[in-house]
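**Student:** The following file, run.cif, comprises mmCIF, C-alpha atoms:
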data_structure
#
loop_
_atom_site.group_PDB
_atom_site.id
_atom_site.type_symbol
_atom_site.label_atom_id
_atom_site.label_comp_id
_atom_site.auth_asym_id
_atom_site.auth_seq_id
_atom_site.Cartn_x
_atom_site.Cartn_y
_atom_site.Cartn_z
ATOM 1 C CA MET A 1 116.904 126.167 131.435
ATOM 2 C CA GLN A 2 114.058 125.725 133.846
ATOM 3 C CA GLY A 3 115.767 123.078 135.936
ATOM 4 C CA ALA A 4 119.106 124.823 135.897
ATOM 5 C CA GLY A 5 117.506 128.038 137.047
ATOM 6 C CA ARG A 6 115.870 126.392 139.999
ATOM 7 C CA ALA A 7 118.949 124.393 140.923
ATOM 8 C CA HIS A 8 120.976 127.580 140.934
ATOM 9 C CA ASP A 9 118.420 129.386 143.049
ATOM 10 C CA MET A 10 118.115 126.536 145.536
ATOM 11 C CA GLY A 11 121.902 126.331 145.761
ATOM 12 C CA GLY A 12 121.969 130.006 146.626
ATOM 13 C CA ASN A 13 119.400 129.515 149.349
ATOM 14 C CA ASP A 14 121.377 126.626 150.821
ATOM 15 C CA LEU A 15 124.533 128.698 150.756
ATOM 16 C CA TYR A 16 122.666 131.523 152.456
ATOM 17 C CA ARG A 17 121.485 129.186 155.206
ATOM 18 C CA GLN A 18 124.968 127.760 155.744
ATOM 19 C CA LEU A 19 126.876 131.012 155.594
ATOM 20 C CA VAL A 20 124.493 133.490 157.129
ATOM 21 C CA ILE A 21 121.787 131.941 159.256
ATOM 22 C CA ARG A 22 123.877 129.207 160.844
ATOM 23 C CA ASN A 23 126.904 131.390 161.601
ATOM 24 C CA PRO A 24 125.922 133.844 164.311
ATOM 25 C CA GLY A 25 129.576 134.688 164.836
ATOM 26 C CA VAL A 26 129.978 136.211 161.383
ATOM 27 C CA SER A 27 129.895 140.000 161.411
ATOM 28 C CA LEU A 28 126.883 141.866 160.056
ATOM 29 C CA THR A 29 128.960 143.451 157.271
ATOM 30 C CA ALA A 30 130.244 140.060 156.151
ATOM 31 C CA LYS A 31 126.671 138.729 156.152
ATOM 32 C CA ARG A 32 125.533 141.690 154.064
ATOM 33 C CA ILE A 33 128.334 141.085 151.548
ATOM 34 C CA VAL A 34 127.330 137.427 151.275
ATOM 35 C CA VAL A 35 123.659 138.357 150.777
ATOM 36 C CA ILE A 36 124.458 140.924 148.045
ATOM 37 C CA ALA A 37 126.782 138.464 146.304
ATOM 38 C CA LEU A 38 124.093 135.779 146.401
ATOM 39 C CA ILE A 39 121.479 138.151 145.013
ATOM 40 C CA LEU A 40 123.809 139.088 142.149
ATOM 41 C CA LEU A 41 124.617 135.441 141.471
ATOM 42 C CA ALA A 42 121.007 134.320 141.616
ATOM 43 C CA ALA A 43 119.534 137.149 139.529
ATOM 44 C CA PRO A 44 120.021 135.623 136.054
ATOM 45 C CA ALA A 45 118.784 132.250 137.258
ATOM 46 C CA ALA A 46 115.714 133.731 138.896
ATOM 47 C CA PHE A 47 115.013 135.618 135.705
ATOM 48 C CA ALA A 48 115.305 132.459 133.646
ATOM 49 C CA GLU A 49 113.050 130.644 136.091
ATOM 50 C CA ASP A 50 110.329 133.242 135.792
ATOM 51 C CA ARG A 51 110.430 133.018 132.014
ATOM 52 C CA ALA A 52 110.394 129.238 132.138
ATOM 53 C CA VAL A 53 107.480 128.892 134.495
ATOM 54 C CA CYS A 54 105.417 131.360 132.561
ATOM 55 C CA ALA A 55 102.386 129.109 132.145
ATOM 56 C CA VAL A 56 102.549 127.660 135.601
ATOM 57 C CA CYS A 57 99.818 128.651 137.985
ATOM 58 C CA GLY A 58 101.034 126.563 140.852
ATOM 59 C CA PRO A 59 104.656 125.674 141.057
ATOM 60 C CA ARG A 60 106.694 128.739 141.646
ATOM 61 C CA GLU A 61 109.315 128.317 144.285
ATOM 62 C CA GLY A 62 108.994 130.505 147.310
ATOM 63 C CA SER A 63 105.416 131.653 146.989
ATOM 64 C CA GLY A 64 103.994 128.151 147.323
ATOM 65 C CA PHE A 65 100.969 128.847 145.195
ATOM 66 C CA GLU A 66 99.594 131.446 142.904
ATOM 67 C CA PRO A 67 95.981 132.239 142.152
ATOM 68 C CA VAL A 68 94.638 131.769 138.670
ATOM 69 C CA LYS A 69 94.620 135.145 136.929
ATOM 70 C CA ALA A 70 93.734 134.098 133.389
ATOM 71 C CA THR A 71 92.399 131.172 131.413
ATOM 72 C CA ALA A 72 92.621 130.187 127.764
ATOM 73 C CA THR A 73 91.020 127.548 125.605
ATOM 74 C CA TYR A 74 93.225 125.756 123.131
ATOM 75 C CA LYS A 75 92.069 122.862 120.967
ATOM 76 C CA GLY A 76 89.035 122.353 123.172
ATOM 77 C CA LYS A 77 90.913 122.272 126.474
ATOM 78 C CA GLN A 78 91.096 124.911 129.149
ATOM 79 C CA TYR A 79 94.410 126.087 130.584
ATOM 80 C CA PHE A 80 95.097 128.186 133.656
ATOM 81 C CA PHE A 81 97.672 130.921 134.165
ATOM 82 C CA CYS A 82 99.049 132.925 137.023
ATOM 83 C CA SER A 83 99.202 136.122 134.968
ATOM 84 C CA LEU A 84 97.857 137.623 131.776
ATOM 85 C CA LYS A 85 101.404 137.755 130.411
ATOM 86 C CA CYS A 86 101.691 133.999 130.944
ATOM 87 C CA LYS A 87 98.535 133.545 128.921
ATOM 88 C CA VAL A 88 99.972 135.693 126.123
ATOM 89 C CA GLU A 89 103.203 133.656 126.124
ATOM 90 C CA PHE A 90 101.216 130.419 125.946
ATOM 91 C CA LEU A 91 98.935 131.576 123.136
ATOM 92 C CA LYS A 92 101.911 132.815 121.115
ATOM 93 C CA GLU A 93 103.431 129.332 121.061
ATOM 94 C CA PRO A 94 101.261 126.652 122.703
ATOM 95 C CA GLY A 95 103.442 123.867 121.319
ATOM 96 C CA ALA A 96 106.334 124.999 123.494
ATOM 97 C CA PHE A 97 104.227 124.413 126.590
ATOM 98 C CA LEU A 98 102.412 121.244 125.631
ATOM 99 C CA VAL A 99 105.080 118.616 126.016
ATOM 100 C CA THR A 100 104.994 115.247 124.298
ATOM 101 C CA ASP A 101 107.350 112.775 125.924
ATOM 102 C CA GLU A 102 105.342 109.613 125.535
ATOM 103 C CA GLY A 103 107.487 106.494 125.444
ATOM 104 C CA SER A 104 110.313 107.984 127.468
ATOM 105 C CA VAL A 105 111.258 106.730 130.935
ATOM 106 C CA ALA A 106 109.267 108.497 133.646
ATOM 107 C CA PRO A 107 111.659 110.558 135.781
ATOM 108 C CA PRO A 108 112.274 108.672 139.033
ATOM 109 C CA PHE A 109 111.330 110.348 142.283
ATOM 110 C CA THR A 110 110.950 109.807 145.994
ATOM 111 C CA LEU A 111 108.487 112.175 147.616
ATOM 112 C CA GLU A 112 106.899 112.453 151.007
ATOM 113 C CA THR A 113 103.278 112.434 152.017
ATOM 114 C CA PHE A 114 102.121 115.138 154.419
ATOM 115 C CA ASP A 115 102.545 112.516 157.138
ATOM 116 C CA GLY A 116 106.228 112.148 156.294
ATOM 117 C CA LYS A 117 105.996 108.762 154.580
ATOM 118 C CA ALA A 118 108.397 108.445 151.631
ATOM 119 C CA ILE A 119 107.030 106.959 148.423
ATOM 120 C CA SER A 120 109.085 106.367 145.301
ATOM 121 C CA LEU A 121 108.023 105.703 141.741
ATOM 122 C CA SER A 122 110.473 102.801 141.537
ATOM 123 C CA GLY A 123 108.562 101.142 144.387
ATOM 124 C CA MET A 124 105.535 101.006 142.113
ATOM 125 C CA LYS A 125 107.293 99.365 139.180
ATOM 126 C CA GLY A 126 105.056 96.775 137.537
ATOM 127 C CA LYS A 127 102.007 98.905 138.262
ATOM 128 C CA VAL A 128 100.235 101.315 135.976
ATOM 129 C CA VAL A 129 100.444 104.687 137.712
ATOM 130 C CA LEU A 130 98.477 107.818 136.998
ATOM 131 C CA LEU A 131 100.332 110.815 138.397
ATOM 132 C CA ASP A 132 98.017 113.720 139.110
ATOM 133 C CA PHE A 133 99.798 117.054 139.533
ATOM 134 C CA TRP A 134 97.243 119.230 141.264
ATOM 135 C CA ALA A 135 96.560 121.992 143.765
ATOM 136 C CA THR A 136 93.586 123.107 145.822
ATOM 137 C CA PHE A 137 93.483 126.470 144.030
ATOM 138 C CA CYS A 138 93.009 124.750 140.673
ATOM 139 C CA GLY A 139 89.261 124.281 140.128
ATOM 140 C CA PRO A 140 89.423 121.475 137.542
ATOM 141 C CA CYS A 141 91.998 119.649 139.692
ATOM 142 C CA MET A 142 89.578 119.708 142.622
ATOM 143 C CA ALA A 143 86.682 118.604 140.441
ATOM 144 C CA ALA A 144 88.745 115.649 139.202
ATOM 145 C CA LEU A 145 89.562 114.271 142.692
ATOM 146 C CA PRO A 146 86.385 112.138 143.112
ATOM 147 C CA GLU A 147 86.732 110.834 139.548
ATOM 148 C CA LEU A 148 90.354 109.894 140.114
ATOM 149 C CA GLN A 149 89.403 108.178 143.354
ATOM 150 C CA SER A 150 86.769 106.119 141.532
ATOM 151 C CA LEU A 151 89.363 105.154 138.886
ATOM 152 C CA HIS A 152 91.795 104.188 141.637
ATOM 153 C CA ALA A 153 89.175 102.063 143.392
ATOM 154 C CA LYS A 154 87.989 100.450 140.159
ATOM 155 C CA TYR A 155 91.397 99.361 138.853
ATOM 156 C CA GLN A 156 93.432 99.001 142.057
ATOM 157 C CA GLN A 157 93.107 95.206 142.115
ATOM 158 C CA ARG A 158 94.470 94.991 138.580
ATOM 159 C CA GLY A 159 97.718 96.754 139.460
ATOM 160 C CA PHE A 160 96.736 100.387 139.004
ATOM 161 C CA SER A 161 97.244 103.335 141.297
ATOM 162 C CA VAL A 162 96.555 107.013 141.154
ATOM 163 C CA VAL A 163 99.276 109.050 142.850
ATOM 164 C CA GLY A 164 98.443 112.627 143.663
ATOM 165 C CA VAL A 165 101.379 115.012 143.528
ATOM 166 C CA THR A 166 100.319 118.324 144.942
ATOM 167 C CA VAL A 167 102.144 121.559 144.263
ATOM 168 C CA ASP A 168 100.158 123.068 147.141
ATOM 169 C CA ASP A 169 102.082 123.733 150.329
ATOM 170 C CA ARG A 170 99.009 124.145 152.544
ATOM 171 C CA PRO A 171 98.557 120.754 154.224
ATOM 172 C CA ALA A 172 95.276 121.737 155.915
ATOM 173 C CA LEU A 173 93.613 122.593 152.601
ATOM 174 C CA VAL A 174 95.037 119.498 150.905
ATOM 175 C CA ARG A 175 93.792 117.261 153.738
ATOM 176 C CA LYS A 176 90.358 118.892 153.663
ATOM 177 C CA ALA A 177 90.069 118.484 149.883
ATOM 178 C CA THR A 178 91.207 114.855 149.859
ATOM 179 C CA ALA A 179 88.965 113.971 152.815
ATOM 180 C CA LYS A 180 85.969 115.524 151.082
ATOM 181 C CA ALA A 181 86.670 113.494 147.930
ATOM 182 C CA LYS A 182 87.352 110.379 150.062
ATOM 183 C CA VAL A 183 90.757 109.974 148.421
ATOM 184 C CA SER A 184 92.503 106.753 149.426
ATOM 185 C CA TYR A 185 95.451 106.938 147.036
ATOM 186 C CA PRO A 186 98.719 108.539 148.177
ATOM 187 C CA ILE A 187 99.079 112.307 148.057
ATOM 188 C CA LEU A 188 102.697 113.426 147.766
ATOM 189 C CA GLN A 189 104.263 116.829 148.171
ATOM 190 C CA ALA A 190 105.872 117.948 144.905
ATOM 191 C CA THR A 191 109.342 119.426 144.738
ATOM 192 C CA PRO A 192 110.688 121.705 141.997
ATOM 193 C CA ALA A 193 112.928 118.869 140.760
ATOM 194 C CA VAL A 194 109.897 116.641 140.233
ATOM 195 C CA TRP A 195 107.643 119.161 138.526
ATOM 196 C CA ASN A 196 110.574 120.259 136.386
ATOM 197 C CA GLY A 197 111.383 116.629 135.588
ATOM 198 C CA TYR A 198 107.821 116.024 134.467
ATOM 199 C CA LYS A 199 107.743 119.376 132.651
ATOM 200 C CA VAL A 200 104.619 120.447 134.474
ATOM 201 C CA ASN A 201 103.863 123.910 133.186
ATOM 202 C CA ALA A 202 100.116 124.019 133.587
ATOM 203 C CA LEU A 203 97.562 122.580 135.971
ATOM 204 C CA PRO A 204 95.981 120.125 135.996
ATOM 205 C CA ALA A 205 98.600 117.770 134.574
ATOM 206 C CA LEU A 206 98.130 114.006 134.490
ATOM 207 C CA VAL A 207 100.843 111.574 133.475
ATOM 208 C CA LEU A 208 100.056 107.911 132.873
ATOM 209 C CA VAL A 209 103.065 105.667 133.526
ATOM 210 C CA GLY A 210 103.041 102.090 132.244
ATOM 211 C CA ARG A 211 104.121 98.895 133.978
ATOM 212 C CA ASP A 212 107.558 99.281 132.361
ATOM 213 C CA GLY A 213 108.072 102.693 133.959
ATOM 214 C CA ARG A 214 107.652 104.590 130.704
ATOM 215 C CA ILE A 215 105.308 107.503 130.097
ATOM 216 C CA VAL A 216 102.262 106.208 128.238
ATOM 217 C CA LYS A 217 100.272 109.394 127.918
ATOM 218 C CA ARG A 218 100.210 112.920 129.227
ATOM 219 C CA TYR A 219 97.006 114.845 129.773
ATOM 220 C CA GLY A 220 96.877 118.601 130.186
ATOM 221 C CA GLY A 221 93.920 120.836 130.901
ATOM 222 C CA GLU A 222 90.654 118.996 131.237
ATOM 223 C CA ALA A 223 91.318 115.413 130.183
ATOM 224 C CA ASP A 224 88.934 113.373 128.046
ATOM 225 C CA LYS A 225 87.819 110.878 130.692
ATOM 226 C CA ALA A 226 86.651 108.162 128.278
ATOM 227 C CA ALA A 227 89.923 108.301 126.339
ATOM 228 C CA MET A 228 91.883 108.167 129.576
ATOM 229 C CA ILE A 229 89.990 105.094 130.810
ATOM 230 C CA ALA A 230 90.603 103.374 127.477
ATOM 231 C CA MET A 231 94.313 104.153 127.785
ATOM 232 C CA ILE A 232 94.424 102.818 131.371
ATOM 233 C CA GLU A 233 92.708 99.611 130.255
ATOM 234 C CA LYS A 234 95.233 99.258 127.429
ATOM 235 C CA ALA A 235 98.192 99.869 129.749
ATOM 236 C CA LEU A 236 96.851 97.338 132.261
ATOM 237 C CA ALA A 237 96.531 94.731 129.529
ATOM 238 C CA GLU A 238 100.179 95.076 128.509
ATOM 239 C CA MET B 1 119.639 133.583 86.630
ATOM 240 C CA LYS B 2 120.701 132.409 90.083
ATOM 241 C CA ALA B 3 121.351 135.991 91.121
ATOM 242 C CA LEU B 4 117.855 136.966 89.989
ATOM 243 C CA ILE B 5 116.292 134.154 92.059
ATOM 244 C CA VAL B 6 118.276 135.259 95.094
ATOM 245 C CA LEU B 7 117.178 138.876 94.606
ATOM 246 C CA VAL B 8 113.504 137.875 94.252
ATOM 247 C CA ALA B 9 113.763 135.670 97.331
ATOM 248 C CA LEU B 10 115.368 138.486 99.326
ATOM 249 C CA ALA B 11 112.684 140.934 98.203
ATOM 250 C CA ALA B 12 109.884 138.489 99.034
ATOM 251 C CA ALA B 13 111.258 137.418 102.405
ATOM 252 C CA PRO B 14 109.751 140.272 104.440
ATOM 253 C CA LEU B 15 106.387 139.650 102.793
ATOM 254 C CA LEU B 16 106.474 135.943 103.579
ATOM 255 C CA ALA B 17 107.725 136.276 107.144
ATOM 256 C CA GLN B 18 104.927 136.040 109.686
ATOM 257 C CA PRO B 19 104.699 139.081 111.909
ATOM 258 C CA GLU B 20 104.834 138.718 115.671
ATOM 259 C CA PRO B 21 101.460 139.129 117.410
ATOM 260 C CA GLU B 22 102.796 142.094 119.397
ATOM 261 C CA ASP B 23 103.764 143.793 116.123
ATOM 262 C CA CYS B 24 100.246 143.265 114.828
ATOM 263 C CA PHE B 25 98.378 144.613 117.835
ATOM 264 C CA ALA B 26 96.991 148.055 117.054
ATOM 265 C CA THR B 27 96.385 150.475 119.878
ATOM 266 C CA LYS B 28 93.863 153.303 119.477
ATOM 267 C CA ARG B 29 96.691 155.548 118.253
ATOM 268 C CA ASP B 30 97.943 153.161 115.551
ATOM 269 C CA ALA B 31 96.894 153.275 111.915
ATOM 270 C CA VAL B 32 94.891 150.171 111.058
ATOM 271 C CA VAL B 33 96.272 148.302 108.050
ATOM 272 C CA GLU B 34 94.169 145.144 108.207
ATOM 273 C CA THR B 35 91.191 143.801 110.126
ATOM 274 C CA ALA B 36 89.705 140.386 110.822
ATOM 275 C CA THR B 37 86.432 139.334 112.372
ATOM 276 C CA PHE B 38 85.892 136.400 114.702
ATOM 277 C CA ASP B 39 82.853 135.539 116.770
ATOM 278 C CA GLY B 40 81.236 138.867 115.897
ATOM 279 C CA LYS B 41 84.221 140.921 117.040
ATOM 280 C CA THR B 42 86.557 142.873 114.778
ATOM 281 C CA TYR B 43 90.287 142.811 115.407
ATOM 282 C CA SER B 44 92.484 145.589 114.001
ATOM 283 C CA PHE B 45 96.088 145.158 112.950
ATOM 284 C CA ARG B 46 98.803 147.661 112.216
ATOM 285 C CA LYS B 47 100.840 145.527 109.810
ATOM 286 C CA SER B 48 100.142 143.591 106.668
ATOM 287 C CA GLY B 49 100.278 139.843 107.046
ATOM 288 C CA CYS B 50 98.606 139.999 110.447
ATOM 289 C CA ARG B 51 95.190 139.017 109.145
ATOM 290 C CA ALA B 52 96.699 135.865 107.629
ATOM 291 C CA LEU B 53 98.356 135.107 110.968
ATOM 292 C CA PHE B 54 95.064 135.633 112.794
ATOM 293 C CA GLU B 55 93.087 133.529 110.334
ATOM 294 C CA SER B 56 95.552 130.636 110.645
ATOM 295 C CA ASP B 57 94.006 129.929 114.074
ATOM 296 C CA PRO B 58 91.311 132.505 114.860
ATOM 297 C CA GLU B 59 90.184 131.005 118.171
ATOM 298 C CA ARG B 60 93.719 131.102 119.543
ATOM 299 C CA TYR B 61 94.620 134.533 118.150
ATOM 300 C CA ALA B 62 91.312 136.101 119.229
ATOM 301 C CA GLN B 63 92.174 135.153 122.817
ATOM 302 C CA LEU B 64 95.725 136.382 122.336
ATOM 303 C CA PHE B 65 94.674 139.781 120.956
ATOM 304 C CA ASP B 66 92.016 140.118 123.665
ATOM 305 C CA ALA B 67 94.740 139.489 126.250
ATOM 306 C CA LEU B 68 97.050 142.003 124.562
ATOM 307 C CA ALA B 69 94.206 144.561 124.575
ATOM 308 C CA GLU B 70 93.653 143.884 128.268
ATOM 309 C CA LEU B 71 97.362 144.340 128.964
ATOM 310 C CA SER B 72 97.404 147.534 126.939
ATOM 311 C CA ALA B 73 94.353 148.866 128.800
ATOM 312 C CA ALA B 74 96.087 148.091 132.085
ATOM 313 C CA GLY B 75 98.988 150.259 130.990
ATOM 314 C CA ALA B 76 101.442 147.481 130.175
ATOM 315 C CA LYS B 77 103.624 147.792 127.109
ATOM 316 C CA VAL B 78 102.431 145.275 124.554
ATOM 317 C CA LYS B 79 105.585 145.334 122.471
ATOM 318 C CA VAL B 80 108.159 144.785 125.141
ATOM 319 C CA ALA B 81 111.805 143.904 125.355
ATOM 320 C CA GLU B 82 112.677 140.255 126.018
ATOM 321 C CA ALA B 83 113.630 140.994 129.596
ATOM 322 C CA SER B 84 110.339 142.588 130.530
ATOM 323 C CA LEU B 85 108.337 139.570 129.378
ATOM 324 C CA VAL B 86 108.906 138.182 132.850
ATOM 325 C CA PRO B 87 105.470 137.712 134.386
ATOM 326 C CA SER B 88 104.783 139.935 137.305
#
What's the structure tokens form of this structure?
**Tutor:**
Amino acid sequence: MQGAGRAHDMGGNDLYRQLVIRNPGVSLTAKRIVVIALILLAAPAAFAEDRAVCAVCGPREGSGFEPVKATATYKGKQYFFCSLKCKVEFLKEPGAFLVTDEGSVAPPFTLETFDGKAISLSGMKGKVVLLDFWATFCGPCMAALPELQSLHAKYQQRGFSVVGVTVDDRPALVRKATAKAKVSYPILQATPAVWNGYKVNALPALVLVGRDGRIVKRYGGEADKAAMIAMIEKALAE
Amino acid sequence: MKALIVLVALAAAPLLAQPEPEDCFATKRDAVVETATFDGKTYSFRKSGCRALFESDPERYAQLFDALAELSAAGAKVKVAEASLVPS
């Protein structure tokens, strides 16, 4: 539902660009008709999207980022929400938000760094990759940056890499944060398709991908660092 | 005999069904049917079965009912239609 909603919405935007913005010759009335039709077409999808991204503080298309409005603790971990209603939805059924897809193939992606360099997951096959979905407005994500950098530096020679995937669309803040934490691993700009593919519905979200390209472990909220290191060691040994 | 079992099951079904948290949440105007205490705070419910729901995971439900109280205080409808669950 989530992915379909976004795809529909993005399709509408593309159609709008093609039909309205790029056709100055089209009359104003015709443009208005197209806009109204697109709004009517997109409404159910947008609605579905809002429901689906309920627990997401970061990735909501259009706004770029959303401030944390509420937090909740569940089974010893803290989760962050963009509205109180999101928190209510999460607490009603946490299992629906905490995805377990360990063992399945990690969704492939090609994303760009803020410098325009394309990096794909398939290009890292044979490596153990820790994907860090993060944003500068997410406190625990920011706190984790130096720790992730030290993990990256420690295990890099053994075929390990941290890959930051930021849902933040403010390059200046991302650059400042990564410079401060002396991050040397790649920082990629997330797209809705990628965060939907990885079912990211709360920040921070860490996904450990094994050498075979399968998801080894997913960490939500504040991860248990010792357990994560043990899992990285295990994945590197395989 | 089978008919009797079916009748008993039908009669017991509403008692066994877990209420929704929004149905449990008691505003100041609602009659309190049950209460539960967690971390020194008392939570009031307007339906039977709500205490059992709360006590199944008190840490989680305490946060949930606190959030519902906050929403209610802010003027939001706690028991809302599916459509209006869309986060603002």
**Student:** Around the point (84.9, 137.0, 111.9) in the file's coordinates, collect all residues with an atom within 12 Å, using all atoms listed in the file, and return them as a list in words.
**Tutor:**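 Residues with an atom close enough to that point: Thr35, Ala36, Thr37, Phe38, Asp39, Gly40, Lys41, Thr42, Tyr43, Ser44, Arg51, Phe54, Glu55, Asp57, Pro58, Glu59, Tyr61 and Ala62 of chain B.
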**Student:** Mind telling me what the PyMOL selection byres ((chain B and resi 63) around 9) catches here, as a list in words?
**Tutor:**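 Checking the PyMOL selection byres ((chain B and resi 63) around 9) against this file, the residues are Ala72, Thr73, Lys87, Val88 and Leu91 of chain A; Pro58, Glu59, Arg60, Tyr61, Ala62, Leu64, Phe65, Asp66, Ala67 and Leu68 of chain B.
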**Student:** Applying 12 Å and all atoms listed in the file, which residues near Gly210 (chain A) remain after dropping the ones on its own chain fewer than 5 positions away? List them as a VMD selection string.
**Tutor:** chain A and resid 102 to 106 121 to 122 124 to 131 159 to 161 215 to 218 231 to 238
**Student:** Going by the chain IDs and residue numbers used in this file, which residues fall under the PyMOL selection byres ((chain A and resi 79) around 12)? Write them as a PyMOL selection string.
**Tutor:** chain A and resi 55-57+68-78+80-83+86-88+90-91+94+97-98+138-141+201-205+219-223
**Student:** Which residue gives the smallest distance to chain B among A:Lys92, A:His152, A:Arg175, A:Lys182, with all atoms listed in the file counted?
**Tutor:**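 Going through A:Lys92, A:His152, A:Arg175, A:Lys182 one by one, the smallest distance to chain B is for A:Lys92.
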**Student:** Which residue is closest to chain A? Choose from B:Glu20, B:Val32, B:Arg46, B:Lys2 and count all atoms listed in the file.
**Tutor:** B:Glu20
**Student:** Would you mind reading off the distance between CA of Gln18 (chain B) and CA of Ala96 (chain A), one decimal, in Å?
**Tutor:**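 Value for the CA of Gln18 (chain B)-CA of Ala96 (chain A) distance: 17.7 Å.
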**Student:** Taking all atoms listed in the file into account, name the residue in B:Val33, B:Lys28, B:Ala52, B:Pro19 that is nearest to chain A.
**Tutor:**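 The shortest atom-to-atom distance to chain A comes from B:Pro19.
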**Student:** Can you give me, as a PyMOL selection string, the residues this file yields under the PyMOL selection byres ((chain B and resi 23) around 10)?
**Tutor:** chain B and resi 19-22+24-26+45-47+50+78-79
